[in-house]
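Q: First, the structure itself, so that you have it in front of you.
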Amino acid sequence: MCSIIVLDNKSSLDDAYWMLDKLNHRGPDAHGVYYKGNVYYNRKPDQFDDNSKKMNDDIILAHNLLSVVGDNIAQPLSSSNLVLVANAEIYNSQELMDKYNLDTDSDCEIILKIIEYHYVDNLKDAVFKALGELDGDYAFCVYDHNDYLIVRDRMGVKPVYYSNRLDKFICASEKKAFKDKSEVTSLNPRQAIYNGQLIDVADEYTRCESLTDIDEIKCKLRDALVTAVDKRSRNLDKLALLFSAGVDSTLIAVILKELDVDFTAYTIGTANSQDLEFAKKVACDIDIPLKYNIITKEDVEYYFEPTLNSIEDNNLMKLGVGMAIKMASNLASMDECKVILSGQGADELFAGYNRYKNKINTPQQLLDELSSDLNNMYLVNLERDDKVVMSNSMELRVPFLDKDVVDVACRVPVKYLIDSPEDSIRKHILRDVAYELGVPETIAYRPKKAAQYGTGIDKIIRKKLLKQEKYRKILDNPNY
């Protein structure tokens with residue numbers, strides 16, 4: 001993945017390069033800037049660039065590149081009168097290449113070419129038509145020298161932040177790229193920014209109970225999950241998996257193995273922690289490669305402030321989860337993995353959290369809460385996870401948030417998710433499918449343990465670190 005940056009003409013070229021430097025971890029392989037009609041790759045324009053003021057454009061576009069697979073094309077990209085910067089993984093790229101007769105391995109170039117195909121002097125219409133054809137995780141800005149439009153995937157897997165402070169528009173992939181963070185906002189994934197103004201591009205997710213036959217639901221869910229994992233693991237020489245040995249990550253592991261994908265599972269935890277012990281046992285039982293680190297208080301101290309810097313949030317729960325992901329993805333990055341899969345999203349889709357059982361006797365309220373949690377996942381979990389993984393220059397992929405998996409999950413009746421107010425495991429339909437696909441019964445029906453607890457990280461933070469004034473002051477820093 002990459003980082004994108006958009007600035008209006010009230011910012012300077014120096015501002016763009018300062019922001020690129022702040023986001024270099026998201027794309028250390030190359031960088032580029034579009035400025036006044038020219039693109040500069042891996043360098044700044046200098047006094048010998050006679051054409052540097054050829055066009056009086058309203059915006060500056062900048063990009064950091066992380067090469068993962070396919071053509072390693074530095075951005076910004078241009079074609080005809082369009083210029084694009086994108087952070088994108090398009091899972092139906094081959095289908096689109098065939099349909100439009102495109103000769104490229106670059107997902108971002110595919111986006112540009114499809115917009116160009118639909119473009120008839122109306123950028124907004126062209127982008128809207130292109131969005132209807134894209135299956136993937138993305139954030140991009142496209143500009144036609146008159147208008148610009150910034151959009152992200154409907155779930156919000158890829159982050160976009162913006163600020164209009166003092167009528168100066170700035171947009172970037174992380175908040176740390178903003179010198180003034182006081183009025184930085186995360187773009188709602190169902191909206192886009194068109195010439196600095198918010199416009200609607202998609203409906204919010206709404207849960208219903210339109211699927212009724214249990215066998216049909218299982219069949220649809222099974223097919224969607226296998227396809228989702230397959231799409232996210234194609235053409236990769238190395239693949240990593242965040243592995244807690246819960247039902248979600250174990251299901252992904254079982255599917256990867258069935259697809260004959262070369263992958264390694266990564267786990268961290270304190271000595272004898274639940275996640276670590278389960279991970280070692282399950283990896284042996286289902287015969288998958290596992291690498292792990294036994295972490296100590298010193299490790300948690302070492303990662304404390306860097307994790308806060310990565311997640312850009314001082315919420316204690318987010319810190320614990322983010323630290324677990326940061327440590328595990330760092331372990332994978334040392335093996336030169338560029339992509340890591342996660343089971344994120346399964347709890348919101350299939351009612352995995354304990355609080356959901358309190359509304360089982362009022363199904364519509366439960367459906368409304370599930371809808372709200374799904375619509376707000378980008379703020380609560382996805383941006384955190386993307387940023388801690390990208391801090392290790394890796395790309396995060398989330399099979400459970402595939403559009404077809406989400407579509408099936410949003411139509412499952414609550415009776416197939418939770419049995420009663422006393423239900424201790426919940427998300428039964430997913431557990432049943434996992435068991436049928438080969439997840440060991442003890443894991444398929446293992447009660448959920450949040451990452452910060454299962455790894456032992458939360459206990460160290462609360463009982464040891466936060467007893468020290470030093471760490472309390474760091475956590476209270478309002479700049480995160």
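In the structure tokens, the first chain shown is A, the next is B, and so on; residue numbers restart at 1 for each chain, and ligands run from 1 in the order shown.
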Could you give me, as a list in words, the residues within 9 Å of A:Ile252, counting only C-alpha atoms and dropping anything in the same chain fewer than 5 positions from it?
A: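 The residues satisfying every condition are Leu225, Val226, Val229, Leu241, Val247, Lys257, Leu341, Ser342, Gly343 and Pro399 of chain A.
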Q: Applying 10 Å and only C-alpha atoms, which residues near A:Gln365 remain after dropping the ones on its own chain fewer than 6 positions away? List them as a ChimeraX atom specification.
A: /A:356,359,371
Q: May I have the selected residues written with N, CA and C atoms, as a PDB file, in the first residue's frame?
A:
ATOM      1  N   TYR A 356     -23.432  -7.613  22.736  1.00  0.00           N
ATOM      2  CA  TYR A 356     -24.543  -7.858  21.820  1.00  0.00           C
ATOM      3  C   TYR A 356     -25.625  -8.759  22.426  1.00  0.00           C
ATOM      4  N   LYS A 359     -29.064  -7.576  23.887  1.00  0.00           N
ATOM      5  CA  LYS A 359     -30.182  -7.110  23.070  1.00  0.00           C
ATOM      6  C   LYS A 359     -30.819  -8.228  22.252  1.00  0.00           C
ATOM      7  N   SER A 371     -25.543  -2.612  12.743  1.00  0.00           N
ATOM      8  CA  SER A 371     -25.400  -1.699  11.602  1.00  0.00           C
ATOM      9  C   SER A 371     -24.508  -0.520  11.969  1.00  0.00           C
TER      10      SER A 371
END
Q: When you look at A:Thr250 with a cut-off of 8 Å (counting only C-alpha atoms), what residues show up, excluding the ones that are within fewer than 6 positions of it in the same chain? I need them as a PyMOL selection string.
A: chain A and resi 243-244+439+443
Q: Please, could you write that set of residues out with C-alpha atoms as a PDB file, in the first residue's frame?
A:
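Just written: result-v8.pdb:
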ATOM      1  CA  PHE A 243      -2.847 -15.385  14.332  1.00  0.00           C
ATOM      2  CA  SER A 244      -4.494 -15.544  17.745  1.00  0.00           C
ATOM      3  CA  VAL A 439     -11.398 -25.669  12.036  1.00  0.00           C
ATOM      4  CA  ILE A 443     -11.263 -23.612  18.349  1.00  0.00           C
TER       5      ILE A 443
END
Q: I need the residue nearest A:Gln452 from this list: A:Lys220, A:Arg190, A:Lys318, A:Lys113. Use only C-alpha atoms for the distance.
A: A:Lys318
Q: Name the residues of stretch 35-130 of chain A that fall into strand (DSSP E or B) according to DSSP on the backbone, using the chain letters and numbers of this document, as a compact mmCIF listing (two decimals) with C-alpha atoms, in the first residue's frame.
A:
# COMPACT_ATOMS: atom_id res chain seq x y z
CA TYR A 35 2.97 20.36 -9.25
CA ASN A 38 4.73 18.39 -14.02
CA VAL A 39 5.47 15.23 -12.08
CA TYR A 40 8.70 14.91 -10.11
CA TYR A 41 9.76 11.41 -9.06
CA ILE A 59 -3.92 21.49 -6.19
CA ILE A 60 -0.70 19.60 -5.47
CA LEU A 61 -0.77 15.80 -5.46
CA ALA A 62 1.87 13.65 -3.73
CA HIS A 63 2.41 9.94 -3.20
CA ASN A 64 4.63 7.41 -1.40
CA LEU A 65 4.92 3.97 -3.00
CA LEU A 77 -0.14 8.77 -12.65
CA SER A 78 -1.47 10.75 -15.60
CA SER A 79 -3.44 9.93 -18.75
CA LEU A 82 -6.41 13.18 -15.67
CA VAL A 83 -3.94 12.92 -12.80
CA LEU A 84 -4.30 10.35 -10.01
CA VAL A 85 -2.73 9.35 -6.70
CA ALA A 86 -4.04 6.14 -5.18
CA ASN A 87 -3.60 3.75 -2.27
CA ALA A 88 -5.36 0.74 -3.72
CA GLU A 89 -5.65 -3.02 -3.97
CA ILE A 90 -8.24 -4.03 -6.59
Q: Using only C-alpha atoms, which of A:Ser393, A:Ser80, A:Thr212, A:Asn24 sits nearest A:Cys337?
A: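 Looking only at the distances to A:Cys337, the closest residue turns out to be A:Ser393.
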Q: With only C-alpha atoms as the basis for distance, which of A:Ile286, A:Ile457, A:Arg446, A:Lys238 is at the shortest distance from A:Asp299?
A: A:Ile457
Q: Quick check, in Å to one decimal: how far apart do atom CA of A:Asn392 and atom CA of A:Glu312 lie?
A: 15.2 Å
Q: Measuring atom to atom with only C-alpha atoms, identify which of A:Ala228, A:Cys208, A:Cys141, A:Ile295 is nearest to A:Glu369.
A: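 Answer, going by the shortest atom-to-atom distance: A:Cys208.
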Q: Please return as number ranges by chain: the residues of stretch 90-241 of chain A that backbone DSSP assigns to helix (DSSP H, G or I).
A: A: 93-100, 107-118, 123-131, 165-167, 175-177, 214-231
Q: Between atom CA of A:Lys44 and atom CA of A:Leu13, measure the distance and give it in Å to one decimal.
A: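 Spanning atom CA of A:Lys44 to atom CA of A:Leu13 is a straight-line distance of 8.7 Å.
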Q: Using only C-alpha atoms, which of the listed residues (A:Tyr453, A:Phe178, A:Tyr91, A:Tyr148) sits closest to A:Ser11?
A: A:Phe178
Q: A:Tyr100: which residues within 9 Å, counting only C-alpha atoms, same-chain residues fewer than 2 positions away excluded, as number ranges by chain?
A: A: 95-98, 102, 113-114, 117
Q: Return the single residue from A:Tyr119, A:Leu370, A:Lys338, A:Gln75 that is closest to A:Met390, with distances computed using only C-alpha atoms.
A: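 Using only C-alpha atoms, the shortest distance to A:Met390 belongs to A:Lys338.
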Q: By how many Å are atom CA of A:Val142 and atom CA of A:Leu66 apart?
A: 19.4 Å
